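What follows is one structure encoded as structure tokens, with my remarks underneath.
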Amino acid sequence: MSFYNVLEKVNQLPLEDMMENVTHQDVERALQKDRINEEDYFALLSPKAEPYLEEMAQKAHQLTVQHFGNTMQIFLPLYVSDYCVNTCKYCSFSVDNDFPRRILTMTELEEEAKVIADMGVEHIIILSGESMMHSSVKYLKQCMKVLKKYFSSVGLEIQPMDTEQYVEIVESGVDNLTVYQEVYDEEIYRELHTKGPKRFFKYRLDTPERGCEAGMRAVSIAALLGLNDWRRESYITGLHAQYLQQKYLDVEVGVAFPRIQPNAGSFQPRVEVTDQNLVQAMLAYRIFQPHSGITVSTRESPKFREQILPLGPTKMSAASSTVVGGYSEPDNTQSQFEISDERSVDEVKRMLLTYGYQPIMKDWQLI
Amino acid sequence: MQDSLVIAGKELNSRLFVGTGKFADHSKMKEALQQSRSEVVTVAVRRVDLSGSDQYILNDIPDYMTLMPNTSGARSAEEAIRIAHLAKAAGMGNWIKIEVISDSKYLLPDNEETIKATEALVEEGFVVLPYMSPDLMAAKRLEEAGAATVMPLGSPIGSNRGIRMKEMIQIMIDEINVPIVVDAGIGRPSEAAEAMEMGADAVLVNTAIATAKDPVEMARAFDLAVQAGRSAYISGLGASLTKANASSPLTGFLHS
């Protein structure tokens, strides 16, 4: 059993027609329930739920405070390499894009770590382009030796790996895995990922599950919004999270709602996802999975990040550089995508306090 | 009337235990802790900067309170034991609240692993206060292992649903000899009073205080409720249930 089996079943359903047939009563019924099921979640994602966004927001806010309190966890991405073997039409790291590639040496990594640790950050995520040759298990284990000295939690957002490889990485101290499916529609997926091992849809789809099997404490998934109908993608993301959480009760399954940003390949989003759409997707998910973490990155603007604070997010990145070596050498090379919120960690902390949220810098301890 | 609770030789005048999670800011938290009159406060070790540069929360806890670091985040006895060691090494005292949770959805404790961790840490000299799913046999094993208290959940943690496990908790209050602290699920002061009326020795409240619009006032409300419930319990509440006072006795004929 893999989530692929669930996906195959969903693909047989006439989702567009079903979406049309949702009624206001369906939405109201979902909002009256204590715990909602997949059908209710579907209703909350439909256009019929749009007039109910305020009610959804109140409910999502109440559930978030109940489960997470008035807190927001802060983390930073640390790019270690931009070598990549894939061609993804929307990404600047694509193998077809010509720019000098770079992978951090351990000395350079330590410089980056020091700068980030000085900001008071305890939780980081290692990011890289997808290249097994460069960001290899061996390389990552070396990185962990350095990073352990500076941080209390380290996550991974790199190319998919086998379970055994994840087991080795977990043993080295990595405790969480982020892997975005990008798009759950297999056809669009193949259109956008034209070259490289990433073309293998099912291997990527099963990656979060392999992370769970390997003993990751937390696994985060997402669809990159803007590549396909966001309602459909959000629905399937929710089902994917539910599938993982039910099967791996001890793993904290979380999601993100990344929206596609302009980048060097000048890829334009195929579908526009408005602020209102993004809010609806987030609210529906929060009501569907009240215990689940939701991450908001610096892809979004400062203003929007502030506006959605009470609507469900539990984790935020800050002061992010999407450039390899970007913290210790700020004017460097090629970024993976443009960030919108360029405020420092201290500025983001102050902003959170102003809005009545306690910034949580440390929420786990490497043991 | 002297009615203090004694845990591991420590005499406590308040039967309200409080937590430090979920507060919007630390100054409000500090004020709420003071207003609660509580003398025992739990802190998640995972959130404390053990290197000591920013002590996160420890500086904002009044000195007179006993720290009860907790092993939140532990998914096994082994992890809980390691967290307990870290807490001790960081100078957080020798009380430890065992939380072993391998369920990210409902956050229900794993009694089996909790018992294992309790056995090991009591052996090492910790004062162990295990959080558990209300189950009599598991509670007995915790008691045998040397737990200082047993802390059954009233409802799933953070759910604010009140004492849904009432029957099971009552059985534990009746049968277990170490203090019973109802931990988790208490959403309102009236529910804290209810637990105390049932004969619980103390209650632990965090979410309901931390996420109230006015945490300071809510802390006060819980203090009063716990006192009221305790007074009701020791003044003999429940007697009317056990003594028949029917207006037309059915067995009167036996005496006439």
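Residue numbering restarts at 1 in every chain; chains get A, B, ... in the order shown in the structure tokens, and ligands count up from 1 in that same order.
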
Report as a Markdown table the residues of chain A within 7 Å of chain B, each with its shortest atom pair and distance in Å (one decimal), using only C-alpha atoms, ordered by chain and increasing residue number.
| residue | atom | partner | partner_atom | distance |
| --- | --- | --- | --- | --- |
| A:Val65 | CA | B:Thr211 | CA | 6.8 |
| A:Gln66 | CA | B:Gly158 | CA | 6.1 |
| A:His67 | CA | B:Gly158 | CA | 5.9 |
| A:Phe68 | CA | B:Lys22 | CA | 6.3 |
| A:Gly69 | CA | B:Lys22 | CA | 3.9 |
| A:Asn70 | CA | B:Ala24 | CA | 4.8 |
| A:Thr71 | CA | B:Lys22 | CA | 6.0 |
| A:Leu249 | CA | B:Asp103 | CA | 4.8 |
| A:Asp250 | CA | B:Ser102 | CA | 4.3 |
| A:Val251 | CA | B:Ser104 | CA | 6.1 |
| A:Glu252 | CA | B:Ser104 | CA | 5.5 |
| A:His291 | CA | B:Lys105 | CA | 6.1 |
| A:Gly356 | CA | B:Ala24 | CA | 5.3 |
| A:Tyr357 | CA | B:Ala24 | CA | 4.8 |
| A:Gln358 | CA | B:Ala24 | CA | 4.7 |
| A:Lys362 | CA | B:Arg47 | CA | 5.1 |
| A:Asp363 | CA | B:Arg47 | CA | 4.8 |
| A:Trp364 | CA | B:Arg46 | CA | 4.5 |
| A:Gln365 | CA | B:Arg46 | CA | 5.1 |
| A:Ile367 | CA | B:Arg82 | CA | 6.7 |

Those residues you just picked out, can you put them in a file as a PDB file, in the first residue's frame with C-alpha atoms?
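In the end it all went to again-v8.pdb:
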ATOM      1  CA  VAL A  65      -4.559  28.415  19.439  1.00  0.00           C
ATOM      2  CA  GLN A  66      -5.996  25.355  21.155  1.00  0.00           C
ATOM      3  CA  HIS A  67      -3.388  23.020  19.713  1.00  0.00           C
ATOM      4  CA  PHE A  68      -0.350  25.261  19.407  1.00  0.00           C
ATOM      5  CA  GLY A  69      -1.040  28.215  21.679  1.00  0.00           C
ATOM      6  CA  ASN A  70      -0.017  31.754  20.811  1.00  0.00           C
ATOM      7  CA  THR A  71       3.332  30.671  19.473  1.00  0.00           C
ATOM      8  CA  LEU A 249       1.129   7.948  14.281  1.00  0.00           C
ATOM      9  CA  ASP A 250       4.444   8.851  15.896  1.00  0.00           C
ATOM     10  CA  VAL A 251       5.534  11.212  13.101  1.00  0.00           C
ATOM     11  CA  GLU A 252       4.474  14.863  13.089  1.00  0.00           C
ATOM     12  CA  HIS A 291      -3.074  19.044  15.076  1.00  0.00           C
ATOM     13  CA  GLY A 356       0.698  38.503  20.403  1.00  0.00           C
ATOM     14  CA  TYR A 357       2.759  35.522  19.274  1.00  0.00           C
ATOM     15  CA  GLN A 358       5.696  34.148  21.174  1.00  0.00           C
ATOM     16  CA  LYS A 362      13.902  25.990  20.044  1.00  0.00           C
ATOM     17  CA  ASP A 363      11.342  23.227  20.026  1.00  0.00           C
ATOM     18  CA  TRP A 364      13.475  20.154  20.006  1.00  0.00           C
ATOM     19  CA  GLN A 365      16.742  18.966  21.438  1.00  0.00           C
ATOM     20  CA  ILE A 367      19.378  13.791  22.013  1.00  0.00           C
TER      21      ILE A 367
END

Applying 12 Å and only C-alpha atoms, which residues near Met351 in chain A remain after dropping the ones on its own chain fewer than 6 positions away? List them as a list in words.
Met72, Pro302, Lys303, Arg305, Glu306, Gln307, Leu309, Ala318, Arg343, Ser344, Val345, Tyr357, Gln358 and Pro359 of chain A

Distance query range 126-134 of chain B at most 7 Å, only C-alpha atoms, self and fewer than 3 positions along chain excluded, as an MDAnalysis selection string:
chainID B and resid 8 94:99 108:109 111 114 118 121:122 147:153 168:169

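Proximity of B:Glu197, B:Ser51, B:Ala117, B:Ser76 to Phe151 in chain A, computed with only C-alpha atoms, is greatest for B:Ser51.
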
Using only C-alpha atoms, the shortest atom-to-atom distance to Glu108 in chain A among A:Tyr83, A:Phe337, A:Phe304, A:Tyr327 belongs to A:Tyr327

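One finds CA of Asn177 in chain B at 17.1 Å from CA of Ile234 in chain B.
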
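Going from CA of Glu217 in chain B to CA of Arg350 in chain A covers 25.3 Å.
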
Identify, with DSSP run on backbone atoms, the residues in range 81-229 of chain B assigned to alpha helix (DSSP H), and express the list as a PyMOL selection string.
chain B and resi 81-89+111-123+136-145+166-175+189-198+207-210+215-229

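If you look at CA of Leu76 in chain A and CA of Leu224 in chain A, they are 19.3 Å away from each other.
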
Using only C-alpha atoms, which residues sit within 12 Å of range 48-58 of chain A once same-chain residues fewer than 4 positions away are excluded, as a PyMOL selection string?
chain A and resi 18-33+40-44+62-65+231+276-288+307-313

Give me, as a VMD selection string, all polymer residues having an atom no more than 10 Å from Val10 in chain A, counting only C-alpha atoms and skipping those fewer than 4 positions away in the same chain.
chain A and resid 4 to 6 14 to 15 232 235 to 236 239

Take the residues from that selection and put them in a file with N, CA and C atoms, as a short mmCIF file (atom, residue, chain, number, x, y, z; two decimals), in the first residue's frame.
data_model
loop_
_atom_site.label_atom_id
_atom_site.label_comp_id
_atom_site.auth_asym_id
_atom_site.auth_seq_id
_atom_site.Cartn_x
_atom_site.Cartn_y
_atom_site.Cartn_z
N TYR A 4 0.06 6.17 -3.58
CA TYR A 4 -0.26 6.09 -5.01
C TYR A 4 -1.62 5.41 -5.22
N ASN A 5 -1.92 4.38 -4.39
CA ASN A 5 -3.21 3.69 -4.51
C ASN A 5 -4.38 4.63 -4.19
N VAL A 6 -4.16 5.46 -3.19
CA VAL A 6 -5.20 6.44 -2.83
C VAL A 6 -5.37 7.42 -3.99
N PRO A 14 -14.83 12.15 -10.57
CA PRO A 14 -15.04 13.39 -11.35
C PRO A 14 -14.97 14.60 -10.41
N LEU A 15 -13.75 14.91 -9.94
CA LEU A 15 -13.61 15.95 -8.91
C LEU A 15 -14.21 17.30 -9.32
N ARG A 232 -7.86 21.20 -6.28
CA ARG A 232 -7.57 19.79 -6.44
C ARG A 232 -6.25 19.42 -5.74
N TYR A 235 -6.59 19.54 -1.99
CA TYR A 235 -7.38 18.39 -1.51
C TYR A 235 -6.48 17.16 -1.41
N ILE A 236 -5.71 16.92 -2.46
CA ILE A 236 -4.86 15.72 -2.46
C ILE A 236 -3.72 15.85 -1.44
N LEU A 239 -5.20 14.83 1.76
CA LEU A 239 -5.36 13.37 1.82
C LEU A 239 -4.02 12.69 2.06
#

Let's see if you can do this: from backbone DSSP, list all strand (DSSP E) residues in range 28-224 of chain B, as a list in words.
Val40, Val41, Thr42, Val43, Ala44, Thr66, Leu67, Met68, Pro69, Asn70, Trp95, Ile96, Lys97, Ile98, Val127, Val128, Leu129, Pro130, Tyr131, Met132, Met151, Pro152, Val181, Val182, Asp183, Ala202, Val203, Leu204 and Val205 of chain B

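Minimum atom-to-atom distances from A:Ser335, A:Ile158, A:Ser172, A:Tyr180 to Asn97 in chain A were compared using only C-alpha atoms, and the lowest value belongs to A:Ser335.
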
Got a sec: who's within 8 Å of Tyr233 in chain B, counting only C-alpha atoms, leaving out chain neighbours fewer than 3 positions off, as a PyMOL selection string?
chain B and resi 196-199+229-230+236-237

Convert the current residue selection to file output with N, CA and C atoms, as an mmCIF file, in the first residue's frame.
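Listed below is the output, result.cif:
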data_model
loop_
_atom_site.group_PDB
_atom_site.id
_atom_site.type_symbol
_atom_site.label_atom_id
_atom_site.label_comp_id
_atom_site.auth_asym_id
_atom_site.auth_seq_id
_atom_site.Cartn_x
_atom_site.Cartn_y
_atom_site.Cartn_z
ATOM 1 N N MET B 196 -11.265 18.268 41.732
ATOM 2 C CA MET B 196 -10.925 18.359 43.153
ATOM 3 C C MET B 196 -12.052 17.799 44.023
ATOM 4 N N GLU B 197 -13.278 18.060 43.629
ATOM 5 C CA GLU B 197 -14.425 17.514 44.363
ATOM 6 C C GLU B 197 -14.414 15.993 44.345
ATOM 7 N N MET B 198 -13.939 15.431 43.244
ATOM 8 C CA MET B 198 -13.867 13.968 43.123
ATOM 9 C C MET B 198 -12.824 13.373 44.057
ATOM 10 N N GLY B 199 -11.915 14.227 44.529
ATOM 11 C CA GLY B 199 -10.882 13.730 45.433
ATOM 12 C C GLY B 199 -9.499 13.689 44.821
ATOM 13 N N GLY B 229 -13.006 23.479 45.097
ATOM 14 C CA GLY B 229 -13.220 22.047 44.898
ATOM 15 C C GLY B 229 -12.620 21.242 46.039
ATOM 16 N N ARG B 230 -11.449 21.643 46.477
ATOM 17 C CA ARG B 230 -10.782 20.930 47.568
ATOM 18 C C ARG B 230 -11.595 21.069 48.861
ATOM 19 N N GLY B 236 -16.829 16.918 52.989
ATOM 20 C CA GLY B 236 -17.728 15.772 52.978
ATOM 21 C C GLY B 236 -18.757 15.752 51.865
ATOM 22 N N LEU B 237 -18.449 16.373 50.756
ATOM 23 C CA LEU B 237 -19.347 16.323 49.602
ATOM 24 C C LEU B 237 -19.560 14.875 49.175
#

Name all residues at most 9 Å from Val40 in chain B (count only C-alpha atoms; drop same-chain ones fewer than 3 positions away) and give them as an NGL selection string.
:B and (12 or 14-19 or 64-68)
